[in-house]
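Asker: Can you keep this structure in mind? I'll have questions shortly.
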Amino acid sequence: MEQPLFLGIDGGGTRCRARLCDADGRTLGEGMGGAANIRLAPEGVRDAILTAATGARERAGLDEAAWRRTHAGFGLAGAGQTSARERIMRQPFPFASIALDTDARAAWLGATAKAAEGDRGAILIVGTGVCGYMEKGEGPERRRISIGGWGFPLSDDGSGAVTGREAIRRTLHVCDGLAPPGSLSDAILADIGPTPEAIIDWGDRATPADYARFAPVVYAHAAQGDALARAVATEAALAIGRLTLRLVELGAPRVHLIGGLTDTVRPWLADAVRHHFAPPDADALAGAVAMARENCPGQPGKAAP
């Protein structure tokens, strides 16, 4: 009998990543696809997952027949919403089984892979979106705790999407003479302007990932002293700090700061916040693979660092 394979999918608001592993936990191949937020942009999620998964399979030197013995773990942004989960699970996938959960839980399983069962910390994802996550207790008494992560535009203060949105919103203030111009507003107007009407037309089409691409621009101009950029970056860092301290207040012994904006935002955080950070044990793909193993009879589920 052929050995099972395990596919981990980490899907966020900007990209989808895949990792294919054998039964011993060895990585066979990895792949990449487009955005995979099943609540905000459900139309292309299946294609993004299959593009990333196919890339991983091809790098492993396997053909499509391998999917029949592949157990998948999907850690997807937006999976906290029941309607979104139901929508994606109605889609046809070629895998032997699918375990679906949030991208936050997949990231948490990976980040805390080496921790003792009762001593797992929390994670704080800072990327296109923001979400704090931890689990407390053991066995049937275990409960999930999520902070933030409800999605753009109503949640996720400090995220790439909200940071970009705030920069663009304040650029409209500049256009109206309510704030002085600067290098950041000039850069935004050169990119999506040059008029308020052009900005609004852009906003009508924009996705969270479109807003999030301006977050690194904000921090770059803030480092050069631009007043608008510094104000937006400072507010974002304060939001990340509040989330971190709330996780600690809820009992997290440590917080693993992860996500695409981690290194960008870290210098803006107060020492009292950075004090609680610890490096993750493994990445979200390792956690998604662990989800796949949990869903396969006879397989241990702990993420391999």
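Here's how to read the names in the structure tokens: chain A, B, ... by the order shown, residue numbers from 1 in each chain, ligand numbers from 1 in the order shown.
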Any chance you could tabulate, as a Markdown table, the residues of region 211-279 of chain A at most 9 Å from region 113-125 of chain A with each one's nearest atom pair and distance in Å to one decimal, using only C-alpha atoms, in chain and rising number order?
Answerer:
| residue | atom | partner | partner_atom | distance |
| --- | --- | --- | --- | --- |
| A:Ile240 | CA | A:Leu124 | CA | 8.4 |
| A:Leu243 | CA | A:Leu124 | CA | 7.8 |
| A:Thr244 | CA | A:Leu124 | CA | 7.2 |
| A:Leu247 | CA | A:Ala122 | CA | 6.8 |
| A:Val248 | CA | A:Ala122 | CA | 8.3 |
| A:Gly251 | CA | A:Gly121 | CA | 8.4 |
| A:Ala252 | CA | A:Gly121 | CA | 5.0 |
| A:Pro253 | CA | A:Gly121 | CA | 5.4 |
| A:Arg254 | CA | A:Gly121 | CA | 4.9 |
| A:Val255 | CA | A:Ala122 | CA | 4.8 |
| A:His256 | CA | A:Ile123 | CA | 4.6 |
| A:Leu257 | CA | A:Leu124 | CA | 5.0 |
| A:Ile258 | CA | A:Ile125 | CA | 4.9 |
| A:Gly259 | CA | A:Ile125 | CA | 5.1 |
| A:Gly260 | CA | A:Ile125 | CA | 8.3 |
| A:Leu261 | CA | A:Ile125 | CA | 8.6 |
| A:Thr262 | CA | A:Ile125 | CA | 8.0 |
Asker: Output N, CA and C atoms for every residue in the selection just made, as a JSON list (two decimals), in the first residue's frame.
Answerer:
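Written out: out_33.json:
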[["chain", "number", "residue", "atom", "x", "y", "z"],
["A", 240, "ILE", "N", -1.17, 47.12, 17.32],
["A", 240, "ILE", "CA", -0.48, 45.84, 17.50],
["A", 240, "ILE", "C", -0.10, 45.66, 18.96],
["A", 243, "LEU", "N", -3.17, 44.55, 21.01],
["A", 243, "LEU", "CA", -3.47, 43.14, 20.78],
["A", 243, "LEU", "C", -2.50, 42.24, 21.54],
["A", 244, "THR", "N", -1.22, 42.59, 21.49],
["A", 244, "THR", "CA", -0.21, 41.79, 22.18],
["A", 244, "THR", "C", -0.49, 41.74, 23.67],
["A", 247, "LEU", "N", -3.44, 39.56, 24.67],
["A", 247, "LEU", "CA", -3.12, 38.13, 24.68],
["A", 247, "LEU", "C", -2.39, 37.74, 25.96],
["A", 248, "VAL", "N", -1.46, 38.59, 26.39],
["A", 248, "VAL", "CA", -0.75, 38.34, 27.64],
["A", 248, "VAL", "C", -1.71, 38.38, 28.82],
["A", 251, "GLY", "N", -3.46, 35.28, 29.46],
["A", 251, "GLY", "CA", -2.68, 34.15, 29.96],
["A", 251, "GLY", "C", -1.62, 33.60, 29.05],
["A", 252, "ALA", "N", -1.33, 34.25, 27.93],
["A", 252, "ALA", "CA", -0.29, 33.75, 27.04],
["A", 252, "ALA", "C", 1.08, 33.91, 27.69],
["A", 253, "PRO", "N", 1.86, 32.83, 27.84],
["A", 253, "PRO", "CA", 3.19, 32.97, 28.43],
["A", 253, "PRO", "C", 4.19, 33.65, 27.50],
["A", 254, "ARG", "N", 3.88, 33.66, 26.22],
["A", 254, "ARG", "CA", 4.71, 34.34, 25.22],
["A", 254, "ARG", "C", 3.84, 34.59, 24.00],
["A", 255, "VAL", "N", 4.28, 35.49, 23.14],
["A", 255, "VAL", "CA", 3.56, 35.79, 21.91],
["A", 255, "VAL", "C", 4.52, 35.65, 20.74],
["A", 256, "HIS", "N", 4.10, 34.89, 19.74],
["A", 256, "HIS", "CA", 4.90, 34.71, 18.52],
["A", 256, "HIS", "C", 4.37, 35.66, 17.46],
["A", 257, "LEU", "N", 5.15, 36.68, 17.13],
["A", 257, "LEU", "CA", 4.77, 37.66, 16.13],
["A", 257, "LEU", "C", 5.16, 37.11, 14.76],
["A", 258, "ILE", "N", 4.18, 36.94, 13.89],
["A", 258, "ILE", "CA", 4.43, 36.34, 12.59],
["A", 258, "ILE", "C", 3.66, 37.10, 11.52],
["A", 259, "GLY", "N", 3.97, 36.82, 10.26],
["A", 259, "GLY", "CA", 3.28, 37.46, 9.15],
["A", 259, "GLY", "C", 4.22, 38.34, 8.34],
["A", 260, "GLY", "N", 3.74, 38.76, 7.18],
["A", 260, "GLY", "CA", 4.58, 39.47, 6.23],
["A", 260, "GLY", "C", 5.07, 40.82, 6.69],
["A", 261, "LEU", "N", 4.38, 41.45, 7.65],
["A", 261, "LEU", "CA", 4.80, 42.77, 8.12],
["A", 261, "LEU", "C", 5.58, 42.71, 9.44],
["A", 262, "THR", "N", 5.91, 41.53, 9.90],
["A", 262, "THR", "CA", 6.56, 41.36, 11.20],
["A", 262, "THR", "C", 7.79, 42.24, 11.36]]
Asker: Quick one: residues within 9 Å of region 82-90 of chain A, only C-alpha atoms, excluding same-chain residues fewer than 5 positions away - as a PyMOL selection string?
Answerer: chain A and resi 38-40+42+45-46+98+100-101
Asker: Next, dump the selected residues to file, keeping only all heavy atoms, as a compact mmCIF listing (two decimals), in the first residue's frame.
Answerer:
# COMPACT_ATOMS: atom_id res chain seq x y z
N ILE A 38 -11.40 33.29 2.06
CA ILE A 38 -12.65 32.69 1.60
C ILE A 38 -13.88 33.52 1.97
O ILE A 38 -14.98 33.23 1.49
CB ILE A 38 -12.82 31.26 2.14
CG1 ILE A 38 -12.83 31.23 3.67
CG2 ILE A 38 -11.72 30.37 1.59
CD1 ILE A 38 -13.12 29.84 4.24
N ARG A 39 -13.69 34.56 2.78
CA ARG A 39 -14.83 35.44 3.08
C ARG A 39 -14.87 36.64 2.16
O ARG A 39 -15.92 36.99 1.62
CB ARG A 39 -14.77 35.92 4.53
CG ARG A 39 -15.99 36.75 4.93
CD ARG A 39 -15.93 37.21 6.37
NE ARG A 39 -14.93 38.25 6.59
CZ ARG A 39 -15.16 39.55 6.37
NH1 ARG A 39 -16.33 39.96 5.91
NH2 ARG A 39 -14.22 40.43 6.60
N LEU A 40 -13.73 37.28 1.96
CA LEU A 40 -13.71 38.54 1.21
C LEU A 40 -13.55 38.34 -0.29
O LEU A 40 -14.00 39.17 -1.07
CB LEU A 40 -12.58 39.43 1.73
CG LEU A 40 -12.74 39.92 3.17
CD1 LEU A 40 -11.55 40.77 3.56
CD2 LEU A 40 -14.03 40.70 3.34
N PRO A 42 -14.00 35.01 -2.31
CA PRO A 42 -14.16 33.56 -2.44
C PRO A 42 -14.01 33.02 -3.87
O PRO A 42 -13.71 31.84 -4.05
CB PRO A 42 -15.59 33.33 -1.93
CG PRO A 42 -16.30 34.61 -2.19
CD PRO A 42 -15.28 35.69 -1.98
N VAL A 45 -10.49 31.40 -4.72
CA VAL A 45 -9.76 30.66 -3.69
C VAL A 45 -9.44 29.24 -4.15
O VAL A 45 -8.32 28.75 -3.97
CB VAL A 45 -10.55 30.64 -2.37
CG1 VAL A 45 -9.90 29.68 -1.37
CG2 VAL A 45 -10.62 32.04 -1.78
N ARG A 46 -10.40 28.54 -4.74
CA ARG A 46 -10.13 27.18 -5.20
C ARG A 46 -8.97 27.17 -6.20
O ARG A 46 -8.07 26.33 -6.10
CB ARG A 46 -11.38 26.57 -5.83
CG ARG A 46 -11.15 25.15 -6.38
CD ARG A 46 -12.44 24.57 -6.97
NE ARG A 46 -12.19 23.24 -7.52
CZ ARG A 46 -11.76 23.00 -8.76
NH1 ARG A 46 -11.52 24.05 -9.58
NH2 ARG A 46 -11.56 21.77 -9.19
N ILE A 98 -9.92 16.54 3.60
CA ILE A 98 -9.60 17.96 3.82
C ILE A 98 -9.97 18.32 5.25
O ILE A 98 -11.10 18.08 5.70
CB ILE A 98 -10.38 18.88 2.86
CG1 ILE A 98 -9.98 18.62 1.41
CG2 ILE A 98 -10.13 20.35 3.21
CD1 ILE A 98 -10.84 19.37 0.39
N LEU A 100 -10.29 21.71 7.38
CA LEU A 100 -10.37 23.15 7.15
C LEU A 100 -10.42 23.89 8.48
O LEU A 100 -11.21 23.53 9.37
CB LEU A 100 -11.61 23.49 6.33
CG LEU A 100 -11.96 24.97 6.19
CD1 LEU A 100 -10.88 25.73 5.43
CD2 LEU A 100 -13.31 25.13 5.49
N ASP A 101 -9.59 24.91 8.61
CA ASP A 101 -9.63 25.77 9.79
C ASP A 101 -9.09 27.14 9.38
O ASP A 101 -8.76 27.36 8.21
CB ASP A 101 -8.81 25.17 10.94
CG ASP A 101 -9.45 25.45 12.30
OD1 ASP A 101 -9.82 26.62 12.54
OD2 ASP A 101 -9.58 24.51 13.12
Asker: Could you give me, as a ChimeraX atom specification, the residues within 10 Å of Leu20 (chain A), counting only C-alpha atoms and dropping anything in the same chain fewer than 4 positions from it?
Answerer: /A:5-9,25-31,53-57,59-60,70-72,285-286,289
Asker: Can you build me a table of region 10-128 of chain A residues sitting at most 10 Å from region 213-223 of chain A, with the closest atom pair per residue and its distance in Å to one decimal, using only C-alpha atoms, sorted by chain and residue number, as CSV?
Answerer:
residue,atom,partner,partner_atom,distance
A:Thr14,CA,A:Arg213,CA,9.2
A:Gly127,CA,A:Ala215,CA,9.4
A:Thr128,CA,A:Arg213,CA,8.4
Asker: Residues within 9 Å of Phe152 (chain A), please, as a PyMOL selection string. Count only C-alpha atoms; anything in the same chain fewer than 2 positions from it doesn't count.
Answerer: chain A and resi 40+129+149-150+154-157+161-162+208
Asker: Keeping only all heavy atoms, take the residues you just selected and write them out as a PDB file, in the first residue's frame.
Answerer:
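Final file, selection.pdb:
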ATOM      1  N   LEU A  40     -13.730  37.283   1.960  1.00  0.00           N
ATOM      2  CA  LEU A  40     -13.708  38.538   1.209  1.00  0.00           C
ATOM      3  C   LEU A  40     -13.552  38.339  -0.292  1.00  0.00           C
ATOM      4  O   LEU A  40     -13.996  39.172  -1.069  1.00  0.00           O
ATOM      5  CB  LEU A  40     -12.578  39.428   1.733  1.00  0.00           C
ATOM      6  CG  LEU A  40     -12.737  39.919   3.170  1.00  0.00           C
ATOM      7  CD1 LEU A  40     -11.550  40.766   3.564  1.00  0.00           C
ATOM      8  CD2 LEU A  40     -14.033  40.698   3.340  1.00  0.00           C
ATOM      9  N   GLY A 129      -4.054  41.144   6.930  1.00  0.00           N
ATOM     10  CA  GLY A 129      -4.938  41.277   8.082  1.00  0.00           C
ATOM     11  C   GLY A 129      -4.144  41.153   9.365  1.00  0.00           C
ATOM     12  O   GLY A 129      -2.921  41.015   9.354  1.00  0.00           O
ATOM     13  N   GLY A 149      -8.974  40.076  13.829  1.00  0.00           N
ATOM     14  CA  GLY A 149      -9.074  39.129  12.734  1.00  0.00           C
ATOM     15  C   GLY A 149     -10.457  38.983  12.138  1.00  0.00           C
ATOM     16  O   GLY A 149     -10.727  38.029  11.410  1.00  0.00           O
ATOM     17  N   TRP A 150     -11.336  39.945  12.410  1.00  0.00           N
ATOM     18  CA  TRP A 150     -12.693  39.844  11.878  1.00  0.00           C
ATOM     19  C   TRP A 150     -12.778  40.303  10.433  1.00  0.00           C
ATOM     20  O   TRP A 150     -13.801  40.130   9.792  1.00  0.00           O
ATOM     21  CB  TRP A 150     -13.651  40.654  12.755  1.00  0.00           C
ATOM     22  CG  TRP A 150     -13.643  40.187  14.174  1.00  0.00           C
ATOM     23  CD1 TRP A 150     -13.134  40.847  15.264  1.00  0.00           C
ATOM     24  CD2 TRP A 150     -14.120  38.935  14.666  1.00  0.00           C
ATOM     25  NE1 TRP A 150     -13.277  40.087  16.406  1.00  0.00           N
ATOM     26  CE2 TRP A 150     -13.885  38.897  16.064  1.00  0.00           C
ATOM     27  CE3 TRP A 150     -14.718  37.822  14.072  1.00  0.00           C
ATOM     28  CZ2 TRP A 150     -14.218  37.812  16.858  1.00  0.00           C
ATOM     29  CZ3 TRP A 150     -15.065  36.740  14.875  1.00  0.00           C
ATOM     30  CH2 TRP A 150     -14.820  36.745  16.237  1.00  0.00           C
ATOM     31  N   LEU A 154     -13.869  46.388   8.719  1.00  0.00           N
ATOM     32  CA  LEU A 154     -14.386  46.704  10.050  1.00  0.00           C
ATOM     33  C   LEU A 154     -13.436  46.333  11.176  1.00  0.00           C
ATOM     34  O   LEU A 154     -13.621  46.759  12.316  1.00  0.00           O
ATOM     35  CB  LEU A 154     -15.736  45.995  10.272  1.00  0.00           C
ATOM     36  CG  LEU A 154     -16.861  46.405   9.305  1.00  0.00           C
ATOM     37  CD1 LEU A 154     -18.142  45.645   9.638  1.00  0.00           C
ATOM     38  CD2 LEU A 154     -17.107  47.903   9.391  1.00  0.00           C
ATOM     39  N   SER A 155     -12.433  45.521  10.891  1.00  0.00           N
ATOM     40  CA  SER A 155     -11.536  45.037  11.935  1.00  0.00           C
ATOM     41  C   SER A 155     -10.096  45.188  11.465  1.00  0.00           C
ATOM     42  O   SER A 155      -9.797  45.892  10.513  1.00  0.00           O
ATOM     43  CB  SER A 155     -11.878  43.571  12.250  1.00  0.00           C
ATOM     44  OG  SER A 155     -11.022  43.028  13.236  1.00  0.00           O
ATOM     45  N   ASP A 156      -9.187  44.539  12.192  1.00  0.00           N
ATOM     46  CA  ASP A 156      -7.790  44.389  11.782  1.00  0.00           C
ATOM     47  C   ASP A 156      -6.971  45.672  11.842  1.00  0.00           C
ATOM     48  O   ASP A 156      -6.100  45.918  10.997  1.00  0.00           O
ATOM     49  CB  ASP A 156      -7.688  43.774  10.384  1.00  0.00           C
ATOM     50  CG  ASP A 156      -8.227  42.351  10.339  1.00  0.00           C
ATOM     51  OD1 ASP A 156      -8.857  41.939  11.334  1.00  0.00           O
ATOM     52  OD2 ASP A 156      -8.023  41.661   9.336  1.00  0.00           O
ATOM     53  N   ASP A 157      -7.212  46.505  12.862  1.00  0.00           N
ATOM     54  CA  ASP A 157      -6.362  47.678  13.061  1.00  0.00           C
ATOM     55  C   ASP A 157      -4.907  47.247  13.197  1.00  0.00           C
ATOM     56  O   ASP A 157      -4.597  46.275  13.885  1.00  0.00           O
ATOM     57  CB  ASP A 157      -6.777  48.433  14.321  1.00  0.00           C
ATOM     58  CG  ASP A 157      -8.122  49.131  14.173  1.00  0.00           C
ATOM     59  OD1 ASP A 157      -8.645  49.150  13.046  1.00  0.00           O
ATOM     60  OD2 ASP A 157      -8.645  49.628  15.185  1.00  0.00           O
ATOM     61  N   ALA A 161      -3.667  46.098   5.398  1.00  0.00           N
ATOM     62  CA  ALA A 161      -4.805  46.680   4.692  1.00  0.00           C
ATOM     63  C   ALA A 161      -5.272  47.965   5.366  1.00  0.00           C
ATOM     64  O   ALA A 161      -5.525  48.969   4.692  1.00  0.00           O
ATOM     65  CB  ALA A 161      -5.946  45.672   4.617  1.00  0.00           C
ATOM     66  N   VAL A 162      -5.397  47.950   6.685  1.00  0.00           N
ATOM     67  CA  VAL A 162      -5.863  49.140   7.395  1.00  0.00           C
ATOM     68  C   VAL A 162      -4.807  50.243   7.353  1.00  0.00           C
ATOM     69  O   VAL A 162      -5.126  51.425   7.194  1.00  0.00           O
ATOM     70  CB  VAL A 162      -6.249  48.799   8.846  1.00  0.00           C
ATOM     71  CG1 VAL A 162      -6.511  50.066   9.658  1.00  0.00           C
ATOM     72  CG2 VAL A 162      -7.495  47.911   8.850  1.00  0.00           C
ATOM     73  N   PRO A 208      -8.389  44.155  -0.173  1.00  0.00           N
ATOM     74  CA  PRO A 208      -7.505  44.348   0.979  1.00  0.00           C
ATOM     75  C   PRO A 208      -6.024  44.261   0.612  1.00  0.00           C
ATOM     76  O   PRO A 208      -5.204  45.019   1.133  1.00  0.00           O
ATOM     77  CB  PRO A 208      -7.923  43.220   1.928  1.00  0.00           C
ATOM     78  CG  PRO A 208      -9.368  42.999   1.624  1.00  0.00           C
ATOM     79  CD  PRO A 208      -9.477  43.184   0.132  1.00  0.00           C
TER      80      PRO A 208
END
Asker: Of the candidates A:Leu172, A:Leu238, A:Ala229, A:Ile147, which one gets nearest to Leu250 (chain A) if we count only C-alpha atoms?
Answerer: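 The answer is A:Ile147, which sits nearest to Leu250 (chain A).
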Asker: Rank nothing, just name the residue among A:Ile200, A:Ala231, A:Ala96, A:Ala107 nearest to Met134 (chain A), using only C-alpha atoms.
Answerer: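 Under the stated criterion, the closest residue is A:Ala107.
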Asker: Nearest residue to Ala35 (chain A) out of A:Ser159, A:Thr195, A:Thr207, A:Gln91, using only C-alpha atoms?
Answerer: A:Thr207
